[in-house]
>>> print(open('data-v9.txt').read())   # compact mmCIF, C-alpha atoms and all ligand atoms
# COMPACT_ATOMS: atom_id res chain seq x y z
CA MET E 1 52.43 -11.10 -0.20
CA SER E 2 51.01 -10.33 3.23
CA SER E 3 53.17 -9.54 6.20
CA SER E 4 52.70 -8.35 9.73
CA THR E 5 54.77 -5.19 9.29
CA ASP E 6 52.54 -2.19 9.82
CA ASN E 7 53.63 1.31 8.89
CA SER E 8 50.29 2.86 9.72
CA ALA E 9 51.64 4.38 12.91
CA ALA E 10 53.93 6.44 10.75
CA SER E 11 51.01 8.18 9.12
CA VAL E 12 49.66 11.15 10.99
CA SER E 13 46.22 10.78 12.43
CA ASN E 14 44.69 13.95 11.03
CA LYS E 15 42.63 13.46 7.91
CA LYS E 16 44.51 14.14 4.72
CA ARG E 17 42.81 15.22 1.57
CA PRO E 18 42.89 12.11 -0.59
CA VAL E 19 44.43 12.34 -4.03
CA ILE E 20 45.16 9.96 -6.90
CA ALA E 21 47.59 10.36 -9.80
CA ILE E 22 47.85 8.21 -12.93
CA HIS E 23 50.14 7.85 -15.93
CA GLY E 24 49.78 6.21 -19.32
CA GLY E 25 53.44 6.19 -20.29
CA ALA E 26 56.10 8.70 -21.28
CA GLY E 27 58.13 9.33 -24.42
CA ALA E 28 58.65 11.64 -27.34
CA ILE E 29 55.08 12.80 -27.30
CA THR E 30 54.93 16.01 -29.28
CA ARG E 31 52.04 18.27 -30.20
CA ALA E 32 53.25 18.25 -33.79
CA ALA E 33 52.85 14.50 -34.07
CA MET E 34 49.41 14.40 -32.46
CA SER E 35 46.12 15.08 -34.20
CA VAL E 36 43.58 17.16 -32.30
CA GLU E 37 41.18 14.21 -32.26
CA LYS E 38 43.77 11.83 -30.87
CA GLU E 39 44.82 14.34 -28.23
CA GLN E 40 41.22 14.79 -27.12
CA LEU E 41 40.78 11.03 -26.98
CA TYR E 42 43.80 10.55 -24.73
CA LEU E 43 42.81 13.45 -22.47
CA ALA E 44 39.23 12.20 -22.18
CA GLU E 45 40.38 8.69 -21.25
CA LEU E 46 42.85 10.00 -18.70
CA GLU E 47 40.14 12.17 -17.14
CA ARG E 48 37.59 9.37 -17.09
CA ILE E 49 40.01 6.98 -15.44
CA VAL E 50 41.47 9.37 -12.87
CA SER E 51 37.91 10.42 -11.97
CA SER E 52 37.01 6.79 -11.26
CA GLY E 53 39.89 6.55 -8.81
CA GLN E 54 38.92 9.89 -7.30
CA ALA E 55 35.34 8.64 -6.76
CA ILE E 56 36.63 5.62 -4.84
CA LEU E 57 38.67 7.87 -2.56
CA ALA E 58 35.76 10.31 -2.17
CA ALA E 59 33.54 7.46 -0.98
CA GLY E 60 36.09 6.61 1.72
CA GLY E 61 37.70 3.82 -0.27
CA SER E 62 41.30 2.80 0.25
CA ALA E 63 44.27 3.97 -1.77
CA LEU E 64 44.88 0.31 -2.62
CA ASP E 65 41.40 -0.05 -4.12
CA ALA E 66 41.69 3.25 -5.99
CA VAL E 67 45.00 2.37 -7.68
CA THR E 68 43.81 -1.15 -8.49
CA GLU E 69 40.72 0.15 -10.26
CA ALA E 70 42.53 2.96 -12.07
CA VAL E 71 45.13 0.55 -13.44
CA ARG E 72 42.47 -2.01 -14.37
CA LEU E 73 40.72 0.68 -16.42
CA LEU E 74 44.02 1.68 -18.05
CA GLU E 75 44.62 -1.99 -18.92
CA GLU E 76 41.18 -2.15 -20.52
CA CYS E 77 41.87 0.92 -22.67
CA PRO E 78 43.70 -0.04 -25.92
CA LEU E 79 45.34 3.40 -26.14
CA PHE E 80 47.80 2.37 -23.47
CA ASN E 81 50.50 -0.30 -23.41
CA ALA E 82 49.08 -2.58 -20.73
CA GLY E 83 46.44 -5.28 -20.92
CA LYS E 84 44.50 -4.79 -24.18
CA GLY E 85 46.82 -2.74 -26.41
CA ALA E 86 50.05 -4.17 -25.00
CA VAL E 87 53.10 -4.03 -27.25
CA PHE E 88 54.65 -7.03 -29.00
CA THR E 89 57.89 -8.82 -28.25
CA HIS E 90 60.38 -9.32 -31.08
CA GLN E 91 58.92 -12.81 -31.48
CA GLY E 92 55.43 -11.36 -32.03
CA THR E 93 54.04 -12.42 -28.66
CA HIS E 94 52.70 -10.47 -25.69
CA GLU E 95 54.33 -10.70 -22.25
CA LEU E 96 52.74 -8.60 -19.57
CA ASP E 97 54.06 -7.49 -16.18
CA ALA E 98 52.31 -5.86 -13.20
CA CYS E 99 52.94 -4.91 -9.60
CA ILE E 100 51.03 -3.44 -6.67
CA MET E 101 52.21 -2.30 -3.25
CA ASP E 102 50.44 -1.29 -0.05
CA GLY E 103 52.30 1.48 1.77
CA ARG E 104 50.60 0.72 5.08
CA THR E 105 52.10 -2.74 5.46
CA LEU E 106 54.71 -2.92 2.68
CA ASP E 107 52.76 -5.90 1.34
CA ALA E 108 53.31 -6.36 -2.37
CA GLY E 109 52.25 -8.61 -5.23
CA ALA E 110 53.65 -8.87 -8.75
CA ILE E 111 53.57 -11.04 -11.86
CA CYS E 112 55.65 -11.01 -15.02
CA GLY E 113 55.84 -12.64 -18.44
CA VAL E 114 52.15 -13.56 -18.66
CA SER E 115 50.10 -13.76 -21.83
CA HIS E 116 46.74 -15.23 -20.82
CA ILE E 117 45.61 -12.97 -17.96
CA ARG E 118 43.17 -10.27 -18.99
CA ASN E 119 43.99 -7.91 -16.12
CA PRO E 120 47.47 -8.50 -14.72
CA ILE E 121 46.95 -5.88 -12.02
CA LEU E 122 44.07 -7.88 -10.52
CA THR E 123 46.28 -10.97 -10.34
CA ALA E 124 49.07 -8.93 -8.75
CA ARG E 125 46.53 -7.81 -6.15
CA LYS E 126 45.62 -11.47 -5.50
CA VAL E 127 49.31 -12.25 -5.01
CA LEU E 128 49.48 -9.43 -2.47
CA GLU E 129 46.42 -10.75 -0.62
CA ASN E 130 46.60 -14.52 -0.99
CA SER E 131 50.20 -15.61 -1.32
CA PRO E 132 53.25 -15.73 0.93
CA HIS E 133 55.29 -14.91 -2.20
CA VAL E 134 55.78 -11.53 -3.88
CA LEU E 135 56.54 -12.25 -7.56
CA PHE E 136 55.30 -15.01 -9.89
CA THR E 137 56.56 -15.53 -13.44
CA GLY E 138 55.08 -17.00 -16.63
CA ALA E 139 53.21 -20.30 -16.40
CA GLY E 140 53.35 -20.30 -12.59
CA ALA E 141 51.77 -16.85 -12.50
CA GLU E 142 49.04 -18.03 -14.86
CA ASP E 143 48.38 -21.13 -12.73
CA PHE E 144 48.11 -18.86 -9.71
CA ALA E 145 45.68 -16.61 -11.63
CA ARG E 146 43.45 -19.57 -12.58
CA ALA E 147 43.46 -20.87 -9.02
CA ASN E 148 42.42 -17.42 -7.84
CA GLY E 149 39.49 -17.03 -10.22
CA GLN E 150 41.09 -14.56 -12.61
CA GLU E 151 39.67 -13.99 -16.09
CA MET E 152 41.88 -15.78 -18.62
CA VAL E 153 42.03 -14.92 -22.33
CA GLU E 154 43.73 -16.21 -25.46
CA PRO E 155 46.85 -14.18 -26.36
CA GLU E 156 44.99 -12.83 -29.43
CA TYR E 157 42.90 -10.77 -27.02
CA PHE E 158 45.88 -8.43 -26.63
CA PHE E 159 46.33 -7.89 -30.38
CA THR E 160 45.89 -4.41 -31.78
CA GLN E 161 46.84 -3.50 -35.34
CA GLU E 162 48.58 -0.34 -34.18
CA ARG E 163 50.99 -2.23 -31.92
CA TYR E 164 51.59 -4.88 -34.58
CA ASP E 165 52.51 -2.22 -37.13
CA GLN E 166 54.75 -0.64 -34.51
CA LEU E 167 56.66 -3.92 -34.14
CA GLN E 168 57.06 -4.27 -37.89
CA ARG E 169 58.50 -0.75 -38.08
CA ALA E 170 60.89 -1.47 -35.22
CA ILE E 171 62.09 -4.66 -36.87
CA ALA E 172 62.42 -2.98 -40.27
CA ALA E 173 64.28 -0.02 -38.81
CA ASP E 174 66.44 -2.30 -36.70
CA THR E 175 66.03 0.09 -33.77
CA GLY E 176 66.27 -2.48 -31.04
CA VAL E 177 63.72 -2.15 -28.27
CA MET E 178 61.59 0.92 -28.15
CA LEU E 179 59.38 2.62 -25.71
CA ASP E 180 55.78 2.67 -26.53
CA HIS E 181 55.30 6.46 -26.64
CA ASP E 182 57.95 8.28 -28.68
CA GLY E 183 57.31 10.59 -31.68
CA ALA E 184 59.10 10.30 -35.05
CA SER E 185 57.70 7.27 -36.81
CA LEU E 186 54.32 8.00 -35.44
CA LYS E 187 53.57 9.79 -38.54
CA ALA E 188 53.24 6.58 -40.41
CA SER E 189 50.74 5.23 -37.94
CA GLY E 190 48.99 8.34 -36.68
CA ASP E 191 50.20 7.29 -33.27
CA PRO E 192 50.94 10.35 -31.12
CA ILE E 193 54.14 8.94 -29.71
CA ASP E 194 57.07 7.79 -31.73
CA PRO E 195 57.06 4.03 -31.43
CA GLU E 196 60.83 4.18 -31.61
CA ARG E 197 61.03 6.15 -28.42
CA LYS E 198 57.91 5.74 -26.42
CA PHE E 199 56.97 4.08 -23.19
CA GLY E 200 53.40 3.14 -22.56
CA THR E 201 53.32 1.51 -19.19
CA VAL E 202 50.42 2.58 -17.00
CA GLY E 203 50.34 3.29 -13.31
CA ALA E 204 48.54 4.89 -10.38
CA VAL E 205 49.51 6.19 -6.96
CA ALA E 206 47.19 7.44 -4.21
CA ILE E 207 46.78 8.50 -0.62
CA ASP E 208 43.44 7.86 1.05
CA GLU E 209 41.63 9.65 3.88
CA SER E 210 43.42 7.51 6.47
CA GLY E 211 46.80 8.58 5.13
CA ASN E 212 47.58 5.21 3.58
CA LEU E 213 49.61 5.19 0.37
CA ALA E 214 49.51 2.66 -2.49
CA ALA E 215 51.09 2.25 -5.92
CA ALA E 216 50.32 0.07 -8.95
CA THR E 217 52.05 -0.40 -12.32
CA SER E 218 51.17 -2.53 -15.36
CA THR E 219 52.81 -2.90 -18.78
CA GLY E 220 53.32 -4.82 -21.97
CA GLY E 221 56.99 -3.81 -21.72
CA MET E 222 58.93 -2.37 -24.62
CA THR E 223 58.13 -2.97 -28.29
CA ASN E 224 60.52 -5.46 -29.90
CA LYS E 225 61.88 -6.69 -26.55
CA GLN E 226 63.26 -10.21 -26.57
CA ALA E 227 60.81 -12.83 -25.30
CA GLY E 228 61.59 -13.47 -21.66
CA ARG E 229 62.85 -9.95 -21.00
CA VAL E 230 61.39 -8.41 -17.84
CA GLY E 231 61.57 -4.67 -17.19
CA ASP E 232 61.20 -2.52 -14.11
CA SER E 233 57.41 -2.47 -13.89
CA PRO E 234 56.95 -5.63 -11.76
CA ILE E 235 60.07 -4.95 -9.70
CA ILE E 236 59.47 -3.48 -6.25
CA GLY E 237 61.61 -0.38 -5.81
CA ALA E 238 62.19 0.13 -9.54
CA GLY E 239 58.82 0.43 -11.29
CA CYS E 240 56.62 0.50 -8.22
CA TYR E 241 57.00 1.38 -4.55
CA ALA E 242 54.85 2.56 -1.65
CA SER E 243 55.56 3.20 2.01
CA ASN E 244 53.47 5.24 4.40
CA ASN E 245 56.76 6.56 5.78
CA THR E 246 57.46 8.46 2.61
CA VAL E 247 55.91 8.08 -0.80
CA ALA E 248 54.07 6.03 -3.44
CA ILE E 249 55.69 5.86 -6.90
CA SER E 250 54.89 4.33 -10.29
CA SER E 251 57.54 4.60 -13.02
CA THR E 252 57.53 4.53 -16.80
CA GLY E 253 60.50 4.54 -19.14
CA THR E 254 63.57 2.56 -20.15
CA GLY E 255 63.07 -0.23 -17.66
CA GLU E 256 66.66 -1.42 -17.53
CA VAL E 257 67.84 1.97 -16.24
CA PHE E 258 65.03 2.22 -13.70
CA MET E 259 66.12 -1.18 -12.41
CA ARG E 260 69.82 -0.30 -12.30
CA THR E 261 69.10 2.88 -10.36
CA VAL E 262 66.37 1.34 -8.18
CA ALA E 263 64.57 4.50 -9.18
CA ALA E 264 61.33 4.34 -7.19
CA TYR E 265 63.01 3.31 -3.96
CA ASP E 266 65.73 5.88 -4.49
CA VAL E 267 63.10 8.62 -4.25
CA ALA E 268 61.83 7.15 -0.99
CA ALA E 269 65.37 6.78 0.38
CA LEU E 270 66.31 10.35 -0.51
CA MET E 271 63.24 11.53 1.38
CA GLU E 272 63.68 9.24 4.37
CA TYR E 273 67.43 9.37 4.88
CA ALA E 274 68.48 12.64 3.29
CA GLY E 275 65.40 14.71 4.17
CA LEU E 276 64.67 15.78 0.60
CA THR E 277 61.19 16.99 -0.26
CA LEU E 278 59.14 15.05 -2.80
CA ALA E 279 59.92 17.63 -5.49
CA GLU E 280 63.65 17.54 -4.75
CA ALA E 281 63.86 13.75 -4.59
CA THR E 282 61.92 13.11 -7.79
CA HIS E 283 63.88 15.79 -9.64
CA LYS E 284 67.16 14.26 -8.53
CA VAL E 285 66.21 10.78 -9.66
CA VAL E 286 64.47 11.63 -12.93
CA GLN E 287 66.77 14.41 -14.14
CA GLU E 288 70.12 13.69 -12.46
CA LYS E 289 70.31 9.92 -12.00
CA LEU E 290 68.29 8.36 -14.83
CA LEU E 291 69.29 10.70 -17.65
CA PRO E 292 73.08 10.25 -17.50
CA LEU E 293 72.58 6.49 -17.84
CA GLY E 294 70.25 6.92 -20.80
CA GLY E 295 67.12 6.43 -18.75
CA SER E 296 64.25 8.15 -20.51
CA GLY E 297 60.79 8.44 -18.98
CA GLY E 298 59.21 9.63 -15.78
CA MET E 299 57.26 8.77 -12.69
CA ILE E 300 54.17 9.75 -10.73
CA ALA E 301 54.49 10.28 -7.00
CA VAL E 302 52.30 11.11 -4.00
CA ASP E 303 53.90 11.61 -0.61
CA LYS E 304 52.54 11.07 2.89
CA PHE E 305 51.44 14.72 3.05
CA GLY E 306 49.41 14.44 -0.15
CA ASN E 307 51.93 16.33 -2.29
CA VAL E 308 51.91 15.26 -5.94
CA GLU E 309 54.78 15.29 -8.45
CA LEU E 310 54.61 14.03 -12.04
CA PRO E 311 58.17 14.53 -13.36
CA PHE E 312 59.58 13.23 -16.66
CA ASN E 313 62.67 13.79 -18.77
CA SER E 314 61.11 12.85 -22.12
CA GLU E 315 59.07 15.18 -24.33
CA GLY E 316 55.80 14.17 -22.76
CA MET E 317 53.98 11.83 -20.40
CA TYR E 318 50.30 10.95 -20.36
CA ARG E 319 49.33 11.93 -16.85
CA GLY E 320 46.69 13.26 -14.50
CA PHE E 321 45.77 13.71 -10.89
CA ALA E 322 42.59 14.36 -8.97
CA ARG E 323 42.15 15.55 -5.40
CA VAL E 324 38.87 14.73 -3.74
CA GLY E 325 36.65 17.79 -4.02
CA GLU E 326 38.58 19.31 -6.92
CA ALA E 327 38.43 19.00 -10.71
CA PRO E 328 40.85 16.46 -12.21
CA VAL E 329 43.89 17.81 -14.03
CA VAL E 330 45.15 15.86 -17.08
CA SER E 331 47.98 16.63 -19.47
CA ILE E 332 50.33 15.18 -22.05
CA TYR E 333 53.12 17.57 -23.02
CA ARG E 334 55.52 19.74 -21.13
CA SER E 335 53.55 22.78 -20.09
N1 LIG W 401 59.21 0.57 -18.09
C1 LIG W 401 58.60 -0.32 -19.04
C2 LIG W 401 59.53 -1.47 -19.30
O1 LIG W 401 60.73 -1.25 -19.37
C3 LIG W 401 58.28 0.31 -20.35
C4 LIG W 401 57.43 1.54 -20.26
O2 LIG W 401 57.41 2.23 -19.25
O3 LIG W 401 56.75 1.83 -21.25
O4 LIG W 401 59.06 -2.56 -19.48
>>> encode(input="data-v9.txt", output="structure tokens", more="lines below")
Ligand code: ASP
Amino acid sequence: MSSSTDNSAASVSNKKRPVIAIHGGAGAITRAAMSVEKEQLYLAELERIVSSGQAILAAGGSALDAVTEAVRLLEECPLFNAGKGAVFTHQGTHELDACIMDGRTLDAGAICGVSHIRNPILTARKVLENSPHVLFTGAGAEDFARANGQEMVEPEYFFTQERYDQLQRAIAADTGVMLDHDGASLKASGDPIDPERKFGTVGAVAIDESGNLAAATSTGGMTNKQAGRVGDSPIIGAGCYASNNTVAISSTGTGEVFMRTVAAYDVAALMEYAGLTLAEATHKVVQEKLLPLGGSGGMIAVDKFGNVELPFNSEGMYRGFARVGEAPVVSIYRS
């Protein structure tokens, strides 16, 4: 959705060093459950994708373009629970959600409950640019995608054997919903995160050389979720938020708790109204507000000064960041 609000005056005029951060989900990701080969694969993909975003920023591209491309690449990678590789609902279907926000103008676009759009983040970006609305659901979102030239696919496109097996285990174990990246029953599948407790949403946040912030989030949701359930990822202020006044955030974790705590916006509010630093605000939300309500997961955050925080309260989170002119840093576990 486009609007005339412009926060750009809030960003200082001196050139900031651009930086991008990405995540590929959080959960009970343990070294013990991960083979060396799988670990290298995840790290290589994270580095490749964060480097692509870094290259856009290095060439003078916008934060909005950098996060769009990084999330598109994460959607294309079947290792992560978004786009190709998305998890299954209890009913054996795929329902994808995505959101993008421009911190300069507070423009935002989001879609949820779609199963025929190859790259939900690109459609969310079209909503941001071409629609007076912010959030489209289901068939309406898919009609909007078709009308805006988006690549459509059959739902089978999203199938991966690994995710299907994950659903069968969840149903057999009667665990209820589960995050895409958690560690115990991984052993059966060779999956580095226990399907019972893992989150696999993807996201990106960035600040560009003009000091503009942007955030993007995309997900298949939680394995074994009921059809029709929507989590935090497409919800502005919960799974995704960006304002040049403060911070850009993308969340991953138990979506219901991120929604109930308005987690992403809470970080921005703590910074804007209570004067907390990025590190203080993200710590407060991730460790002190989400955890007591059973909210497991984390977030990636870049503030208007170019500070980066990648906090999580689970065992691990696939994550990385890259400042222009510096080598990318990628990691999985607690250090
Ligand atoms: N937050 C996502 C959801 O609740 C799941 C995840 O992060 O993996 O849909």
>>> residues_around(input="data-v9.txt", residues="Val329 (chain E)", least_positions_apart="6", cutoff="9 Å", atoms="only C-alpha atoms", output="PDB file with C-alpha atoms, in the frame of the given file")
ATOM      1  CA  GLU E  47      40.140  12.170 -17.140  1.00  0.00           C
ATOM      2  CA  VAL E  50      41.470   9.370 -12.870  1.00  0.00           C
ATOM      3  CA  ARG E 319      49.330  11.930 -16.850  1.00  0.00           C
ATOM      4  CA  GLY E 320      46.690  13.260 -14.500  1.00  0.00           C
ATOM      5  CA  PHE E 321      45.770  13.710 -10.890  1.00  0.00           C
ATOM      6  CA  ALA E 322      42.590  14.360  -8.970  1.00  0.00           C
TER       7      ALA E 322
END
>>> closest_atom_pairs(input="data-v9.txt", of="chain E", to="ligand LIG 401 (chain W)", cutoff="7 Å", atoms="only C-alpha atoms and all ligand atoms", output="Markdown table")
| residue | atom | partner | partner_atom | distance |
| --- | --- | --- | --- | --- |
| E:Gly25 | CA | W:LIG401 | O3 | 5.6 |
| E:Ala26 | CA | W:LIG401 | O3 | 6.9 |
| E:Asn81 | CA | W:LIG401 | O3 | 6.9 |
| E:Leu179 | CA | W:LIG401 | O3 | 5.2 |
| E:Asp180 | CA | W:LIG401 | O3 | 5.4 |
| E:Lys198 | CA | W:LIG401 | O3 | 6.6 |
| E:Phe199 | CA | W:LIG401 | O3 | 3.0 |
| E:Gly200 | CA | W:LIG401 | O3 | 3.8 |
| E:Thr201 | CA | W:LIG401 | O3 | 4.0 |
| E:Thr219 | CA | W:LIG401 | O4 | 6.3 |
| E:Gly220 | CA | W:LIG401 | O4 | 6.7 |
| E:Gly221 | CA | W:LIG401 | O4 | 3.3 |
| E:Met222 | CA | W:LIG401 | C3 | 5.1 |
| E:Val230 | CA | W:LIG401 | O4 | 6.5 |
| E:Gly231 | CA | W:LIG401 | O4 | 4.0 |
| E:Asp232 | CA | W:LIG401 | N1 | 5.4 |
| E:Ser233 | CA | W:LIG401 | N1 | 5.5 |
| E:Gly239 | CA | W:LIG401 | N1 | 6.8 |
| E:Ser251 | CA | W:LIG401 | O2 | 6.7 |
| E:Thr252 | CA | W:LIG401 | O2 | 3.4 |
| E:Gly253 | CA | W:LIG401 | O2 | 3.9 |
| E:Thr254 | CA | W:LIG401 | O1 | 4.8 |
| E:Gly255 | CA | W:LIG401 | O1 | 3.1 |
| E:Glu256 | CA | W:LIG401 | O1 | 6.2 |
>>> residues_around(input="data-v9.txt", residues="Ser218 (chain E)", least_positions_apart="2", cutoff="7 Å", atoms="all atoms listed in the file", output="JSON, numbers by chain")
{"E": [82, 97, 98, 99, 121, 201, 202, 203, 216, 233]}
>>> closest_residue(input="data-v9.txt", among="E:Ile236, E:Val205, E:Ala124, E:Val87", to="Tyr164 (chain E)", atoms="all atoms listed in the file")
E:Val87
>>> closest_residue(input="data-v9.txt", among="E:Lys126, E:Arg146, E:Arg163, E:Arg334", to="Gly92 (chain E)", atoms="all atoms listed in the file")
E:Arg163
>>> closest_residue(input="data-v9.txt", among="E:Ala173, E:Glu129, E:Ser115, E:Ser335", to="Glu151 (chain E)", atoms="only C-alpha atoms")
E:Ser115
>>> residues_around(input="data-v9.txt", residues="Ile207 (chain E)", least_positions_apart="3", cutoff="7 Å", atoms="all atoms listed in the file", output="mmCIF file with C-alpha atoms, in the frame of the given file")
data_model
loop_
_atom_site.group_PDB
_atom_site.id
_atom_site.type_symbol
_atom_site.label_atom_id
_atom_site.label_comp_id
_atom_site.auth_asym_id
_atom_site.auth_seq_id
_atom_site.Cartn_x
_atom_site.Cartn_y
_atom_site.Cartn_z
ATOM 1 C CA PRO E 18 42.890 12.110 -0.590
ATOM 2 C CA VAL E 19 44.430 12.340 -4.030
ATOM 3 C CA ILE E 20 45.160 9.960 -6.900
ATOM 4 C CA ALA E 63 44.270 3.970 -1.770
ATOM 5 C CA GLY E 211 46.800 8.580 5.130
ATOM 6 C CA ASN E 212 47.580 5.210 3.580
ATOM 7 C CA LEU E 213 49.610 5.190 0.370
ATOM 8 C CA ALA E 214 49.510 2.660 -2.490
ATOM 9 C CA VAL E 302 52.300 11.110 -4.000
ATOM 10 C CA GLY E 306 49.410 14.440 -0.150
#
>>> atom_distance(input="data-v9.txt", atom1="CA of Ala242 (chain E)", atom2="CA of Lys225 (chain E)")
27.5 Å
>>> decode(input="data-v9.txt", residues="region 228-244 of chain E", atoms="N, CA, C and O atoms", output="short mmCIF file (atom, residue, chain, number, x, y, z; two decimals), in the first residue's frame")
data_model
loop_
_atom_site.label_atom_id
_atom_site.label_comp_id
_atom_site.auth_asym_id
_atom_site.auth_seq_id
_atom_site.Cartn_x
_atom_site.Cartn_y
_atom_site.Cartn_z
N GLY E 228 -6.13 -22.49 7.00
CA GLY E 228 -6.78 -21.22 7.33
C GLY E 228 -6.08 -20.45 8.44
O GLY E 228 -6.33 -19.26 8.61
N ARG E 229 -5.20 -21.13 9.17
CA ARG E 229 -4.47 -20.43 10.24
C ARG E 229 -3.46 -19.46 9.62
O ARG E 229 -2.75 -19.78 8.68
N VAL E 230 -3.41 -18.26 10.14
CA VAL E 230 -2.41 -17.28 9.70
C VAL E 230 -1.57 -16.91 10.91
O VAL E 230 -2.11 -16.65 11.99
N GLY E 231 -0.25 -16.89 10.73
CA GLY E 231 0.65 -16.53 11.82
C GLY E 231 1.06 -15.08 11.78
O GLY E 231 0.38 -14.23 11.20
N ASP E 232 2.19 -14.79 12.39
CA ASP E 232 2.65 -13.41 12.53
C ASP E 232 3.32 -12.87 11.28
O ASP E 232 3.40 -11.65 11.09
N SER E 233 3.83 -13.77 10.43
CA SER E 233 4.71 -13.31 9.34
C SER E 233 4.11 -12.23 8.45
O SER E 233 4.81 -11.28 8.10
N PRO E 234 2.81 -12.33 8.06
CA PRO E 234 2.28 -11.28 7.19
C PRO E 234 1.66 -10.11 7.96
O PRO E 234 1.04 -9.24 7.35
N ILE E 235 1.82 -10.12 9.29
CA ILE E 235 1.18 -9.10 10.11
C ILE E 235 2.17 -7.99 10.44
O ILE E 235 3.18 -8.22 11.15
N ILE E 236 1.87 -6.79 9.96
CA ILE E 236 2.73 -5.63 10.25
C ILE E 236 2.81 -5.45 11.76
O ILE E 236 1.79 -5.43 12.44
N GLY E 237 4.02 -5.30 12.26
CA GLY E 237 4.20 -5.06 13.69
C GLY E 237 4.43 -6.32 14.49
O GLY E 237 4.88 -6.26 15.63
N ALA E 238 4.11 -7.48 13.90
CA ALA E 238 4.35 -8.75 14.60
C ALA E 238 5.53 -9.47 13.94
O ALA E 238 6.59 -9.61 14.55
N GLY E 239 5.34 -9.87 12.67
CA GLY E 239 6.40 -10.60 11.98
C GLY E 239 7.29 -9.72 11.14
O GLY E 239 8.33 -10.18 10.63
N CYS E 240 6.90 -8.47 10.96
CA CYS E 240 7.62 -7.59 10.04
C CYS E 240 7.33 -6.14 10.40
O CYS E 240 6.17 -5.79 10.67
N TYR E 241 8.37 -5.31 10.44
CA TYR E 241 8.15 -3.89 10.68
C TYR E 241 9.37 -3.10 10.24
O TYR E 241 10.50 -3.56 10.40
N ALA E 242 9.15 -1.91 9.71
CA ALA E 242 10.28 -1.03 9.37
C ALA E 242 9.84 0.42 9.46
O ALA E 242 8.79 0.79 8.93
N SER E 243 10.62 1.21 10.14
CA SER E 243 10.42 2.66 10.18
C SER E 243 11.78 3.33 10.23
O SER E 243 12.62 2.95 11.06
N ASN E 244 11.98 4.32 9.38
CA ASN E 244 13.26 5.04 9.40
C ASN E 244 13.50 5.73 10.73
O ASN E 244 14.62 6.10 11.04
#
